[in-house]
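Report on one structure; see the data block that follows.
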Amino acid sequence: MKPTFGIGRALLNAPATAIAPYAGNPFDLFGYSAGDAVEGLAGGEGWLTDWVANDVPDTRFLAEDDLSSYTNGTSMSGLSGGSGWSGGWSQMEATKQADAGAPTIDVIQIDTAFGLGAAWRKLAIGTDWTRIRLISRIRCEDTGGAIGSTPRIAIGICSGTTNPYQGDTDFTDHFVGLCANDATWSRFSDRYNADMDGLVRVGTTNTFAGSTGVGWIPHTGTSVRYAPFLVDITKGSPNFTVFACVSAGATSSFGDVSLADMTPIAANPEATFSGAALLGSWSMAVDEATNGYLDTFNIMWAQSNYCNFRWAWVFRFK
Amino acid sequence: MSVYSQHQIVTGVSATSAARLYCASLVRQLNKANTWTTLRIATRLNVQNGPANMYDTPYFALGLCSGQALPMSRQGNTDHFVGVRTNTGTPAEVSTRYNFTFRALKKVSATETLAASDYTATGSFHQTLRWPFFVDITRASPYSLKVFYPGASFAVDYSDSDFDTDFAAATPSRTNCVYSAARTVSVDEGANGTLDTVNIYWSLLYPYIDLDRLRVAVLA
């Protein structure tokens, strides 16, 4: 008999008077292993089928794509996995890949030679949100040194799918989110440090909130680590409130951000968690009526080394 | 989808593992679905240390559904579910527990039909202590549902032997636990589908619920 592992079993097909004899039976002693998905587990007796785990969206879990259904090396254009989206992905220099150091990790890899790179996907709810949270996790290629020329990485929401934020040299209809705004990213043994700021972009004009916090971007020069890259946007009139969270801390050592780490911060409107920091909260003027209504998830990376974006999650706090 | 039920070690409880539910509706079909008049579904669970207040009337539901295709869910369609669910809008964290009221119900397609009133006693899910939650369903006209769960003063881990004892009792009785009076719901299995599948549902991503025991018994 195996030790106590597993959710239990058994239909006791017996009349009421026969309940007691079952009390001594080892109903729950069968060998599921910790970490298994419950789906398909088949232990126990009295069942006609294996376990089936139906995913049911959280009331606030608006859209997701874990990228697992795509073939490595394919363009993100038109890929349409996940749920909560209107149509598939669009992209500029973005492909589905597996992380080079961890083949089971599915990512959107943006690798651009000419300074424009992005992936974007419209939300099924369109503009029906008051407060929205956009989430990914990031890890970029290690160049071996600092990165200059004001590198950009961004996550946010843009208006429509025609002109998202793909880089500073390209026209953007309307974008609101979090963006690196630092002339040079400092390199450390396990990451880059970059000042992050709230951004409203219309056309080719960036309007930053002007108050930055340091975000950590893990690189490939060390073990596989992904850091949260999160922006939370609340509609106001005339100002939107933007707050952001990325990995940051007092030491140079930090671990990968797991699903278990990520879910509390993803679903909790007052989220904080170990290993990450609230970068800032900014009040920024946004005019959707003039510049376009914000309805499309948008990630951007406009550098010659590549960046991996792991997951696309969107929560709505109405 | 990137969130689903996984089998995990229950935090703080050695040598015990559990189904960890993140926004998931777990189902498994019974092999003798129609040979009962009264069926008991017994679980033991605890909840993650989560936010100060949960949100959006989180559903923990335990009962039977018809088939495995469309089980209980808060927002989506359900083929046919009969059981008990939590019925508190924003359950507050009180010390290391979340307090809930419970309500018997059926759900057919998108329509919930609730029993006339909640079960009288407030119950709780604890963050570190594993506590029981049983549902007894009796086929009658209307269907009758009773629940067994800890009351406000319960403060100990519900051990394997506790589970064994109460599971085997036609009328579970334990200090500071409640075996409720029945609530009734009109059910038409002929029209809406035979209730042949155990269904455990939790509607939130955060906090999760760890469920480490599940048994089913025919009481009559």
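Here, A, B, ... name the chains of the structure tokens in the order displayed, residue numbers run from 1 inside each chain, and ligands are numbered from 1 in the same displayed order.
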
| field | strand (DSSP E or B) residues, from DSSP on the backbone, in range 91-294 of chain A, as a PyMOL selection string | value | chain A and resi 91-92+94-99+102-110+118-123+131-140+147+153-158+172-180+185-187+191-203+205-208+213-219+227-234+239-247+276-285

Output of the above residues as a compact mmCIF listing (two decimals), in the first residue's frame, restricted to C-alpha atoms:
# COMPACT_ATOMS: atom_id res chain seq x y z
CA GLN A 91 3.02 40.88 -34.79
CA MET A 92 6.13 42.67 -35.89
CA ALA A 94 7.51 38.19 -33.11
CA THR A 95 7.53 34.41 -33.24
CA LYS A 96 6.43 31.61 -31.00
CA GLN A 97 9.50 29.94 -29.49
CA ALA A 98 10.56 27.76 -26.64
CA ASP A 99 13.01 29.29 -24.22
CA ALA A 102 14.08 25.58 -20.94
CA PRO A 103 12.30 23.97 -23.87
CA THR A 104 9.08 23.52 -21.94
CA ILE A 105 8.67 27.25 -21.52
CA ASP A 106 6.54 28.71 -24.29
CA VAL A 107 7.22 32.31 -25.19
CA ILE A 108 6.61 35.05 -27.67
CA GLN A 109 10.10 35.96 -28.82
CA ILE A 110 10.61 39.41 -30.28
CA ALA A 118 5.75 43.96 -31.05
CA ALA A 119 2.86 41.57 -30.64
CA TRP A 120 -0.70 42.63 -30.06
CA ARG A 121 -4.15 41.10 -29.78
CA LYS A 122 -7.57 42.61 -29.37
CA LEU A 123 -9.64 41.81 -26.29
CA ARG A 131 -9.70 48.90 -14.52
CA ILE A 132 -7.63 46.42 -16.42
CA ARG A 133 -4.45 44.50 -15.60
CA LEU A 134 -2.11 43.35 -18.33
CA ILE A 135 0.50 40.77 -17.44
CA SER A 136 3.40 38.96 -18.96
CA ARG A 137 6.74 37.66 -17.74
CA ILE A 138 9.99 38.63 -19.37
CA ARG A 139 13.55 37.51 -20.00
CA CYS A 140 15.91 38.95 -22.60
CA ILE A 147 22.57 48.48 -23.43
CA ILE A 153 10.35 47.48 -23.54
CA ALA A 154 6.65 48.07 -22.99
CA ILE A 155 3.40 46.44 -21.99
CA GLY A 156 0.05 48.15 -22.20
CA ILE A 157 -3.15 48.62 -24.11
CA CYS A 158 -3.49 50.24 -27.50
CA THR A 172 1.10 54.60 -32.96
CA ASP A 173 -2.59 55.39 -32.88
CA HIS A 174 -2.84 55.37 -29.10
CA PHE A 175 -1.04 53.44 -26.37
CA VAL A 176 -1.15 53.57 -22.58
CA GLY A 177 1.07 51.42 -20.42
CA LEU A 178 4.42 50.79 -18.83
CA CYS A 179 7.65 51.45 -20.73
CA ALA A 180 11.38 51.48 -20.04
CA TRP A 185 20.37 49.74 -19.02
CA SER A 186 22.96 48.63 -16.50
CA ARG A 187 24.05 45.03 -16.78
CA ARG A 191 19.76 40.94 -15.19
CA TYR A 192 19.51 44.40 -16.61
CA ASN A 193 18.29 47.29 -14.55
CA ALA A 194 16.10 49.79 -16.34
CA ASP A 195 14.07 52.74 -15.17
CA MET A 196 10.42 52.17 -15.95
CA ASP A 197 7.76 54.81 -16.36
CA GLY A 198 4.12 55.24 -17.24
CA LEU A 199 3.64 56.10 -20.89
CA VAL A 200 0.92 57.61 -23.05
CA ARG A 201 1.86 57.52 -26.73
CA VAL A 202 -0.10 59.19 -29.51
CA GLY A 203 1.27 59.27 -33.03
CA THR A 205 4.85 61.46 -29.29
CA ASN A 206 5.70 59.79 -26.02
CA THR A 207 4.38 61.42 -22.86
CA PHE A 208 5.95 59.84 -19.82
CA GLY A 213 11.18 53.08 -10.64
CA VAL A 214 13.88 50.53 -11.32
CA GLY A 215 12.74 47.31 -12.92
CA TRP A 216 14.76 44.14 -13.30
CA ILE A 217 14.87 42.30 -16.56
CA PRO A 218 16.48 38.87 -16.21
CA HIS A 219 18.86 37.92 -19.02
CA ALA A 227 10.24 38.33 -14.03
CA PRO A 228 6.72 39.69 -13.80
CA PHE A 229 5.89 42.53 -16.14
CA LEU A 230 2.59 43.97 -15.11
CA VAL A 231 0.69 47.16 -15.65
CA ASP A 232 -2.64 48.08 -14.15
CA ILE A 233 -4.67 50.88 -15.70
CA THR A 234 -7.76 52.59 -14.31
CA ASN A 239 -6.58 61.22 -16.09
CA PHE A 240 -5.97 57.51 -16.08
CA THR A 241 -4.13 55.93 -13.19
CA VAL A 242 -1.34 53.57 -14.11
CA PHE A 243 0.58 51.42 -11.72
CA ALA A 244 3.15 48.81 -12.48
CA CYS A 245 5.01 45.98 -10.91
CA VAL A 246 8.17 44.22 -11.99
CA SER A 247 10.90 42.28 -10.28
CA ALA A 276 8.66 42.06 -6.92
CA ALA A 277 8.04 45.69 -6.30
CA LEU A 278 5.39 48.21 -7.01
CA LEU A 279 7.18 50.56 -9.36
CA GLY A 280 4.91 53.49 -9.09
CA SER A 281 1.46 54.85 -9.53
CA TRP A 282 0.96 57.60 -12.02
CA SER A 283 -1.91 59.82 -13.00
CA MET A 284 -1.77 60.52 -16.71
CA ALA A 285 -3.99 62.46 -19.07

| task | Within 9 Å of Phe114 in chain A, counting only C-alpha atoms, which residues show up once you throw out same-chain ones fewer than 5 positions away? Write them as a PyMOL selection string, please. | result | chain A and resi 302-304

Restricted to C-alpha atoms, what would the selected residues look like written as a PDB file, in the first residue's frame?
ATOM      1  CA  ALA A 302      12.608  47.322 -30.056  1.00  0.00           C
ATOM      2  CA  GLN A 303      16.179  46.128 -29.648  1.00  0.00           C
ATOM      3  CA  SER A 304      18.484  43.890 -31.596  1.00  0.00           C
TER       4      SER A 304
END

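Counting from CA of Tyr22 in chain B, the distance to CA of Arg215 in chain B is 20.8 Å.
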
| Shell around range 206-212 of chain B at 6 Å using only C-alpha atoms, local window under 6 positions removed, as a list in words | Ile7, Pro264 and Ala267 of chain A; Ser17, Ala18, Ala19, Arg20, Leu21, Tyr22, Arg44, Leu45, Asn46, Val47, Gln48 and Gly50 of chain B

| field | Spatial neighbours of range 46-60 of chain A, 6 Å, only C-alpha atoms, chain gap at least 5 places, as a PyMOL selection string | value | (chain A and resi 10-11+39-41+315-316) or (chain B and resi 4+23-31+203-205)

| field | Contacts of Ser144 in chain B within 12 Å, only C-alpha atoms, excl. fewer than 5 positions in-chain, as an NGL selection string | value | :B and (37-40 or 82-84 or 104-106 or 115 or 135-139 or 180-187)

Could you turn the residues from that selection into a file that holds C-alpha atoms, as a PDB file, in the first residue's frame?
ATOM      1  CA  THR B  37     -31.712   7.421  -2.824  1.00  0.00           C
ATOM      2  CA  THR B  38     -29.419   9.333  -0.520  1.00  0.00           C
ATOM      3  CA  LEU B  39     -25.836  10.011  -1.567  1.00  0.00           C
ATOM      4  CA  ARG B  40     -23.093  11.506   0.575  1.00  0.00           C
ATOM      5  CA  VAL B  82     -27.581  19.877  -7.827  1.00  0.00           C
ATOM      6  CA  GLY B  83     -25.641  20.604  -4.681  1.00  0.00           C
ATOM      7  CA  VAL B  84     -24.563  23.306  -2.281  1.00  0.00           C
ATOM      8  CA  ALA B 104     -28.525  24.536  -1.693  1.00  0.00           C
ATOM      9  CA  LEU B 105     -29.278  24.974  -5.350  1.00  0.00           C
ATOM     10  CA  LYS B 106     -29.721  23.487  -8.750  1.00  0.00           C
ATOM     11  CA  ALA B 115     -33.255  26.883  -1.936  1.00  0.00           C
ATOM     12  CA  VAL B 135     -23.201  17.174   1.275  1.00  0.00           C
ATOM     13  CA  ASP B 136     -25.994  14.600   1.568  1.00  0.00           C
ATOM     14  CA  ILE B 137     -28.463  14.584  -1.302  1.00  0.00           C
ATOM     15  CA  THR B 138     -31.744  12.724  -1.098  1.00  0.00           C
ATOM     16  CA  ARG B 139     -33.860  11.972  -4.114  1.00  0.00           C
ATOM     17  CA  SER B 180     -27.724  21.016   9.092  1.00  0.00           C
ATOM     18  CA  ALA B 181     -31.428  20.817   8.740  1.00  0.00           C
ATOM     19  CA  ALA B 182     -32.435  19.973   5.192  1.00  0.00           C
ATOM     20  CA  ARG B 183     -33.027  22.484   2.452  1.00  0.00           C
ATOM     21  CA  THR B 184     -35.063  21.516  -0.566  1.00  0.00           C
ATOM     22  CA  VAL B 185     -34.803  22.064  -4.295  1.00  0.00           C
ATOM     23  CA  SER B 186     -37.114  20.793  -7.009  1.00  0.00           C
ATOM     24  CA  VAL B 187     -35.158  18.579  -9.378  1.00  0.00           C
TER      25      VAL B 187
END

| field | For Phe134 in chain B, the nearest of the candidates B:Thr43, B:Thr88, B:Thr122, B:Ser109, counting only C-alpha atoms | value |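 Counting only C-alpha atoms, the residue closest to Phe134 in chain B is B:Thr43.
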
| task | Considering only C-alpha atoms, return as a VMD selection string whatever protein or nucleic-acid residues lie within 8 Å of Arg103 in chain B, sequence-local ones (same chain, fewer than 4 positions apart) excluded. | result | chain B and resid 84 to 87 114 to 115 117 to 119

For all heavy atoms, I'd like the residues from the last selection saved as a tab-separated table (two decimals), in the first residue's frame.
chain	number	residue	atom	x	y	z
B	84	VAL	N	-24.62	22.19	-3.22
B	84	VAL	CA	-24.56	23.31	-2.28
B	84	VAL	C	-23.40	24.19	-2.71
B	84	VAL	O	-22.34	23.70	-3.10
B	84	VAL	CB	-24.34	22.80	-0.84
B	84	VAL	CG1	-24.14	23.96	0.13
B	84	VAL	CG2	-25.53	21.94	-0.40
B	85	ARG	N	-23.62	25.51	-2.60
B	85	ARG	CA	-22.52	26.42	-2.90
B	85	ARG	C	-22.43	27.50	-1.82
B	85	ARG	O	-23.37	27.73	-1.07
B	85	ARG	CB	-22.70	27.07	-4.27
B	85	ARG	CG	-23.83	28.09	-4.37
B	85	ARG	CD	-23.62	28.97	-5.60
B	85	ARG	NE	-24.72	29.85	-5.93
B	85	ARG	CZ	-24.92	31.04	-5.38
B	85	ARG	NH1	-24.14	31.46	-4.39
B	85	ARG	NH2	-25.93	31.80	-5.77
B	86	THR	N	-21.26	28.15	-1.79
B	86	THR	CA	-21.11	29.31	-0.92
B	86	THR	C	-21.98	30.43	-1.43
B	86	THR	O	-22.26	30.54	-2.62
B	86	THR	CB	-19.64	29.75	-0.90
B	86	THR	OG1	-19.17	29.86	-2.25
B	86	THR	CG2	-18.78	28.75	-0.15
B	87	ASN	N	-22.38	31.29	-0.50
B	87	ASN	CA	-23.34	32.32	-0.87
B	87	ASN	C	-23.03	33.63	-0.13
B	87	ASN	O	-23.90	34.23	0.47
B	87	ASN	CB	-24.76	31.84	-0.55
B	87	ASN	CG	-25.83	32.72	-1.17
B	87	ASN	OD1	-25.63	33.24	-2.28
B	87	ASN	ND2	-26.94	32.91	-0.48
B	114	LEU	N	-32.28	28.58	-6.35
B	114	LEU	CA	-31.75	28.46	-5.01
B	114	LEU	C	-32.81	27.94	-4.05
B	114	LEU	O	-34.01	28.19	-4.23
B	114	LEU	CB	-31.26	29.81	-4.51
B	114	LEU	CG	-30.15	30.47	-5.34
B	114	LEU	CD1	-29.86	31.87	-4.79
B	114	LEU	CD2	-28.88	29.64	-5.31
B	115	ALA	N	-32.36	27.23	-3.03
B	115	ALA	CA	-33.25	26.88	-1.94
B	115	ALA	C	-33.78	28.17	-1.29
B	115	ALA	O	-33.23	29.25	-1.49
B	115	ALA	CB	-32.51	26.03	-0.91
B	117	SER	N	-33.69	29.40	1.57
B	117	SER	CA	-32.84	30.15	2.49
B	117	SER	C	-31.49	29.47	2.63
B	117	SER	O	-31.32	28.29	2.30
B	117	SER	CB	-33.50	30.27	3.87
B	117	SER	OG	-33.73	28.98	4.41
B	118	ASP	N	-30.52	30.23	3.13
B	118	ASP	CA	-29.21	29.65	3.43
B	118	ASP	C	-29.35	28.63	4.56
B	118	ASP	O	-30.31	28.66	5.34
B	118	ASP	CB	-28.25	30.74	3.91
B	118	ASP	CG	-27.79	31.65	2.79
B	118	ASP	OD1	-27.98	31.30	1.61
B	118	ASP	OD2	-27.23	32.72	3.10
B	119	TYR	N	-28.35	27.77	4.66
B	119	TYR	CA	-28.22	26.98	5.88
B	119	TYR	C	-27.98	27.95	7.05
B	119	TYR	O	-27.32	29.00	6.88
B	119	TYR	CB	-27.10	25.96	5.74
B	119	TYR	CG	-27.44	24.90	4.72
B	119	TYR	CD1	-26.94	24.96	3.43
B	119	TYR	CD2	-28.31	23.86	5.05
B	119	TYR	CE1	-27.27	24.00	2.48
B	119	TYR	CE2	-28.64	22.89	4.10
B	119	TYR	CZ	-28.13	22.97	2.82
B	119	TYR	OH	-28.48	22.02	1.89

| field | Closest of B:Ala116, B:Leu70, B:Leu145, B:Val156 to chain A - atom-to-atom distances counting only C-alpha atoms | value |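 Ranked by minimum distance to chain A, first place goes to B:Leu70.
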
Quick one: pick out all alpha helix (DSSP H) residues within chain B from a backbone DSSP run and write them as a PDB file with C-alpha atoms, in the first residue's frame.
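Here's the written file selection.pdb:
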ATOM      1  CA  ASP B 160      -8.128  11.238   9.026  1.00  0.00           C
ATOM      2  CA  SER B 161      -9.800   9.446  11.896  1.00  0.00           C
ATOM      3  CA  ASP B 162     -12.254  12.324  12.333  1.00  0.00           C
ATOM      4  CA  PHE B 163     -13.069  12.026   8.666  1.00  0.00           C
ATOM      5  CA  ASP B 164     -13.490   8.275   8.886  1.00  0.00           C
ATOM      6  CA  THR B 165     -15.771   8.527  11.883  1.00  0.00           C
ATOM      7  CA  ASP B 166     -18.036  11.230  10.534  1.00  0.00           C
ATOM      8  CA  PHE B 167     -18.149   9.805   7.043  1.00  0.00           C
ATOM      9  CA  GLU B 189     -33.496  14.449 -13.684  1.00  0.00           C
ATOM     10  CA  GLY B 190     -35.690  13.113 -16.465  1.00  0.00           C
ATOM     11  CA  ALA B 191     -35.933  16.490 -18.107  1.00  0.00           C
ATOM     12  CA  ASN B 192     -32.562  17.970 -17.238  1.00  0.00           C
TER      13      ASN B 192
END

| query | Which residue, B:Gly63, B:Trp131, B:Val218, B:Gly193, has the smallest gap to Asn176 in chain B when you use only C-alpha atoms? | reply |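 Between B:Gly63, B:Trp131, B:Val218, B:Gly193, the residue approaching Asn176 in chain B most closely is B:Trp131.
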
| task | To one decimal in Å, tell me the separation between CA of Pro150 in chain B and CA of Val94 in chain B. | result |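 So the answer is 14.7 Å.
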
| Which residue of B:Phe60, B:Thr197, B:Thr111, B:Tyr158 approaches Asn34 in chain B most closely, using only C-alpha atoms | B:Thr197
